[in-house]
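Next comes final.cif, a file with mmCIF, C-alpha atoms.
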data_my_file
loop_
_atom_site.group_PDB
_atom_site.id
_atom_site.type_symbol
_atom_site.label_atom_id
_atom_site.label_comp_id
_atom_site.auth_asym_id
_atom_site.auth_seq_id
_atom_site.Cartn_x
_atom_site.Cartn_y
_atom_site.Cartn_z
ATOM 1 C CA MET Y 269 -5.566 -17.065 25.637
ATOM 2 C CA PRO Y 270 -7.996 -18.820 23.304
ATOM 3 C CA ASN Y 271 -6.769 -18.316 19.766
ATOM 4 C CA ARG Y 272 -8.919 -20.158 17.297
ATOM 5 C CA GLY Y 273 -8.763 -17.588 14.545
ATOM 6 C CA GLU Y 274 -12.143 -16.233 15.566
ATOM 7 C CA ILE Y 275 -10.985 -12.620 15.830
ATOM 8 C CA THR Y 276 -9.502 -12.692 12.344
ATOM 9 C CA LYS Y 277 -12.654 -14.324 10.975
ATOM 10 C CA LYS Y 278 -14.916 -11.770 12.679
ATOM 11 C CA MET Y 279 -12.772 -8.890 11.409
ATOM 12 C CA CYS Y 280 -13.070 -10.232 7.853
ATOM 13 C CA VAL Y 281 -16.832 -10.614 8.250
ATOM 14 C CA LEU Y 282 -17.056 -7.064 9.639
ATOM 15 C CA THR Y 283 -14.968 -5.695 6.767
ATOM 16 C CA ASN Y 284 -17.286 -7.371 4.265
ATOM 17 C CA ALA Y 285 -20.373 -6.066 6.094
ATOM 18 C CA ILE Y 286 -18.952 -2.520 6.032
ATOM 19 C CA ARG Y 287 -18.254 -2.822 2.300
ATOM 20 C CA LYS Y 288 -21.828 -3.996 1.703
ATOM 21 C CA TYR Y 289 -23.231 -1.170 3.804
ATOM 22 C CA CYS Y 290 -21.097 1.399 1.985
ATOM 23 C CA SER Y 291 -22.014 0.003 -1.414
ATOM 24 C CA LYS Y 292 -25.665 0.887 -0.747
ATOM 25 C CA SER Y 293 -24.864 4.567 -0.262
ATOM 26 C CA PRO Y 294 -26.011 6.781 -3.153
ATOM 27 C CA THR Y 295 -23.154 9.164 -2.346
ATOM 28 C CA ARG Y 296 -20.652 6.303 -2.572
ATOM 29 C CA HIS Y 297 -21.947 5.352 -6.021
ATOM 30 C CA GLU Y 298 -21.673 8.937 -7.229
ATOM 31 C CA VAL Y 299 -18.150 9.300 -5.865
ATOM 32 C CA GLU Y 300 -16.986 5.944 -7.233
ATOM 33 C CA ASP Y 301 -18.336 6.856 -10.658
ATOM 34 C CA MET Y 302 -16.091 9.908 -10.529
ATOM 35 C CA THR Y 303 -13.043 8.436 -8.806
ATOM 36 C CA GLY Y 304 -12.964 4.676 -9.126
ATOM 37 C CA THR Y 305 -11.263 3.301 -6.025
ATOM 38 C CA ASN Y 306 -9.336 6.474 -5.191
ATOM 39 C CA GLY Y 307 -11.856 7.852 -2.719
ATOM 40 C CA TRP Y 308 -9.786 6.883 0.319
ATOM 41 C CA VAL Y 309 -6.745 8.683 -1.074
ATOM 42 C CA ILE Y 310 -8.797 11.789 -1.784
ATOM 43 C CA ALA Y 311 -10.237 11.682 1.746
ATOM 44 C CA TYR Y 312 -6.750 11.265 3.229
ATOM 45 C CA LEU Y 313 -5.361 14.195 1.239
ATOM 46 C CA TYR Y 314 -8.337 16.332 2.224
ATOM 47 C CA GLU Y 315 -7.971 15.496 5.929
ATOM 48 C CA ASN Y 316 -4.248 16.320 5.725
ATOM 49 C CA SER Y 317 -4.562 19.480 3.642
ATOM 50 C CA ASP Y 318 -2.903 21.462 6.443
ATOM 51 C CA ARG Y 319 0.450 19.804 5.663
ATOM 52 C CA GLU Y 320 2.446 18.712 2.649
ATOM 53 C CA VAL Y 321 1.743 15.116 1.604
ATOM 54 C CA TYR Y 322 4.165 13.195 -0.597
ATOM 55 C CA GLN Y 323 3.962 9.882 -2.400
ATOM 56 C CA ARG Y 324 5.848 8.133 0.399
ATOM 57 C CA ASP Y 325 3.163 9.287 2.871
ATOM 58 C CA LEU Y 326 0.496 7.548 0.805
ATOM 59 C CA GLU Y 327 2.634 4.415 0.533
ATOM 60 C CA HIS Y 328 2.970 4.317 4.307
ATOM 61 C CA GLU Y 329 -0.652 5.210 5.105
ATOM 62 C CA PHE Y 330 -2.200 2.635 2.783
ATOM 63 C CA GLY Y 331 0.514 -0.028 2.883
ATOM 64 C CA ILE Y 332 1.010 -0.026 -0.878
ATOM 65 C CA SER Y 333 4.161 -0.290 -2.947
ATOM 66 C CA ARG Y 334 5.998 2.574 -4.564
ATOM 67 C CA SER Y 335 5.136 1.435 -8.102
ATOM 68 C CA THR Y 336 1.449 0.936 -7.264
ATOM 69 C CA THR Y 337 1.275 4.385 -5.689
ATOM 70 C CA SER Y 338 3.027 5.962 -8.657
ATOM 71 C CA LYS Y 339 0.617 4.371 -11.148
ATOM 72 C CA MET Y 340 -2.382 5.320 -9.024
ATOM 73 C CA LEU Y 341 -1.244 8.958 -8.790
ATOM 74 C CA ALA Y 342 -0.626 9.095 -12.537
ATOM 75 C CA ARG Y 343 -4.212 7.909 -13.171
ATOM 76 C CA MET Y 344 -5.575 10.352 -10.627
ATOM 77 C CA GLU Y 345 -3.620 13.164 -12.245
ATOM 78 C CA GLU Y 346 -4.968 12.214 -15.682
ATOM 79 C CA GLY Y 347 -8.481 12.226 -14.206
ATOM 80 C CA GLY Y 348 -8.032 15.742 -12.848
ATOM 81 C CA LEU Y 349 -8.197 14.628 -9.220
ATOM 82 C CA VAL Y 350 -4.688 15.554 -8.045
ATOM 83 C CA ARG Y 351 -1.666 17.551 -9.101
ATOM 84 C CA ARG Y 352 1.932 16.739 -8.283
ATOM 85 C CA VAL Y 353 3.736 19.964 -7.458
ATOM 86 C CA ARG Y 354 7.513 20.320 -7.135
ATOM 87 C CA VAL Y 355 8.769 21.693 -3.850
ATOM 88 C CA PHE Y 356 11.494 24.310 -3.730
ATOM 89 C CA VAL Y 357 13.664 22.451 -1.236
ATOM 90 C CA ASP Y 358 14.207 19.360 -3.402
ATOM 91 C CA ASP Y 359 13.374 19.091 -7.115
ATOM 92 C CA ARG Y 360 12.890 15.339 -6.755
ATOM 93 C CA LEU Y 361 10.080 15.783 -4.232
ATOM 94 C CA LYS Y 362 6.547 16.497 -5.388
ATOM 95 C CA LYS Y 363 3.741 17.191 -2.985
ATOM 96 C CA ILE Y 364 0.334 15.794 -3.845
ATOM 97 C CA VAL Y 365 -2.379 18.469 -4.062
ATOM 98 C CA LEU Y 366 -6.120 18.040 -4.530
ATOM 99 C CA THR Y 367 -7.867 19.810 -7.385
ATOM 100 C CA ASP Y 368 -11.118 21.724 -6.918
ATOM 101 C CA LYS Y 369 -12.950 18.735 -8.412
ATOM 102 C CA SER Y 370 -11.539 16.347 -5.817
ATOM 103 C CA LYS Y 371 -12.155 18.767 -2.941
ATOM 104 C CA MET Y 372 -15.871 18.613 -3.742
ATOM 105 C CA ILE Y 373 -15.668 14.814 -3.853
ATOM 106 C CA ALA Y 374 -13.765 14.767 -0.542
ATOM 107 C CA GLU Y 375 -16.573 16.580 1.258
ATOM 108 C CA LYS Y 376 -19.071 13.970 0.077
ATOM 109 C CA ILE Y 377 -16.750 11.129 1.098
ATOM 110 C CA ARG Y 378 -16.202 12.714 4.504
ATOM 111 C CA GLU Y 379 -19.936 13.023 5.159
ATOM 112 C CA ASP Y 380 -20.508 9.441 4.047
ATOM 113 C CA ASN Y 381 -17.658 8.113 6.210
ATOM 114 C CA LEU Y 382 -19.006 9.977 9.249
ATOM 115 C CA LYS Y 383 -22.470 8.455 8.740
ATOM 116 C CA THR Y 384 -20.969 4.986 8.388
ATOM 117 C CA GLU Y 385 -18.856 5.411 11.509
ATOM 118 C CA GLN Y 386 -21.835 6.702 13.488
ATOM 119 C CA LYS Y 387 -23.789 3.622 12.430
ATOM 120 C CA LEU Y 388 -20.925 1.301 13.405
ATOM 121 C CA MET Y 389 -20.356 2.896 16.792
ATOM 122 C CA GLN Y 390 -24.000 3.156 17.868
ATOM 123 C CA GLY Y 391 -24.344 2.240 21.531
ATOM 124 C CA PHE Y 392 -20.622 2.577 22.330
ATOM 125 C CA THR Y 393 -19.442 5.015 24.972
ATOM 126 C CA ALA Y 394 -16.703 7.525 24.185
ATOM 127 C CA GLU Y 395 -14.322 5.502 26.369
ATOM 128 C CA GLU Y 396 -15.149 2.269 24.527
ATOM 129 C CA ILE Y 397 -14.493 3.979 21.204
ATOM 130 C CA ARG Y 398 -11.101 5.280 22.403
ATOM 131 C CA THR Y 399 -10.200 1.811 23.684
ATOM 132 C CA PHE Y 400 -11.268 0.223 20.405
ATOM 133 C CA GLU Y 401 -9.192 2.720 18.409
ATOM 134 C CA ASN Y 402 -6.183 1.866 20.591
ATOM 135 C CA TYR Y 403 -6.735 -1.847 19.988
ATOM 136 C CA LEU Y 404 -6.947 -1.293 16.234
ATOM 137 C CA GLN Y 405 -3.710 0.720 16.284
ATOM 138 C CA ARG Y 406 -1.931 -1.976 18.268
ATOM 139 C CA MET Y 407 -3.164 -4.659 15.854
ATOM 140 C CA LEU Y 408 -1.872 -2.644 12.909
ATOM 141 C CA ILE Y 409 1.510 -2.316 14.564
ATOM 142 C CA ASN Y 410 1.584 -6.037 15.394
ATOM 143 C CA ILE Y 411 0.727 -7.124 11.846
ATOM 144 C CA SER Y 412 3.208 -4.663 10.330
ATOM 145 C CA GLU Y 413 6.205 -5.922 12.329
#

Before we go any further, please render this structure as structure tokens.
Amino acid sequence: MPNRGEITKKMCVLTNAIRKYCSKSPTRHEVEDMTGTNGWVIAYLYENSDREVYQRDLEHEFGISRSTTSKMLARMEEGGLVRRVRVFVDDRLKKIVLTDKSKMIAEKIREDNLKTEQKLMQGFTAEEIRTFENYLQRMLINISE
């Protein structure tokens, strides 16, 4: 198997190209003015609003440390984007809940992410997209081990 670091290089180039593309979005600018870099967390909480999400879920999903997550949530709480609500089962646990303000933001982020993904996946068949998603998942598992 040829392994010259080309895949890693191309993934970095793609990541940078996606960032550039996203930075041109008027919606992205509006959202970032309101949220800073917390848009992905808001989108994640919105997409998982049918279940209880805790700090440890965010740590796992985004691969960030406990202290970083705690500081981020404190800032988001101060900004009126989330609330930490105690659960009855365990006083130490607090589920993370979006505020009305962040729910509005989440809808805009969701629409923007869908447009970006549609642009990225133009010309791919449904089967190719499923295969690509599987490859990405396997790469994440490989790099996490």

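Comparing the minimum interatomic distances between Gly307 (chain Y) and each of Y:Arg324, Y:Arg319, Y:Lys371, Y:Arg360, counting only C-alpha atoms, we find that Y:Lys371 sits nearest.
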
**Between CA of Cys290 (chain Y) and CA of Ile275 (chain Y), distance in Å (one decimal)** =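 Distance reported for this atom pair: 22.1 Å.
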
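Candidate residues Y:Leu388, Y:Met407, Y:Leu341, Y:Leu349 were compared for distance to Ala285 (chain Y), and the nearest is Y:Leu388, using all atoms listed in the file.
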
**Request:** Can you turn the PyMOL selection byres ((chain Y and resi 365) around 6) into a concrete residue list for this file, as a VMD selection string?
**Result:** chain Y and resid 350 to 351 364 366

**Message:** As an exercise, work out the distance from CA of Leu361 (chain Y) to CA of Glu320 (chain Y) in Å and give it to one decimal place.
**Reply:**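 Spanning CA of Leu361 (chain Y) to CA of Glu320 (chain Y) is a straight-line distance of 10.7 Å.
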
**Item:** All residues 12 Å or closer to Ala374 (chain Y), all atoms listed in the file, same chain fewer than 4 positions away omitted, as a ChimeraX atom specification
**Value:** /Y:295-296,298-300,302-303,306-317,349-350,366-370,378-381

**Asked** What does the distance from CA of Ile397 (chain Y) to CA of Ile409 (chain Y) come to in Å, to one decimal?
**Response**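 Answer for the CA of Ile397 (chain Y) to CA of Ile409 (chain Y) separation: 18.4 Å.
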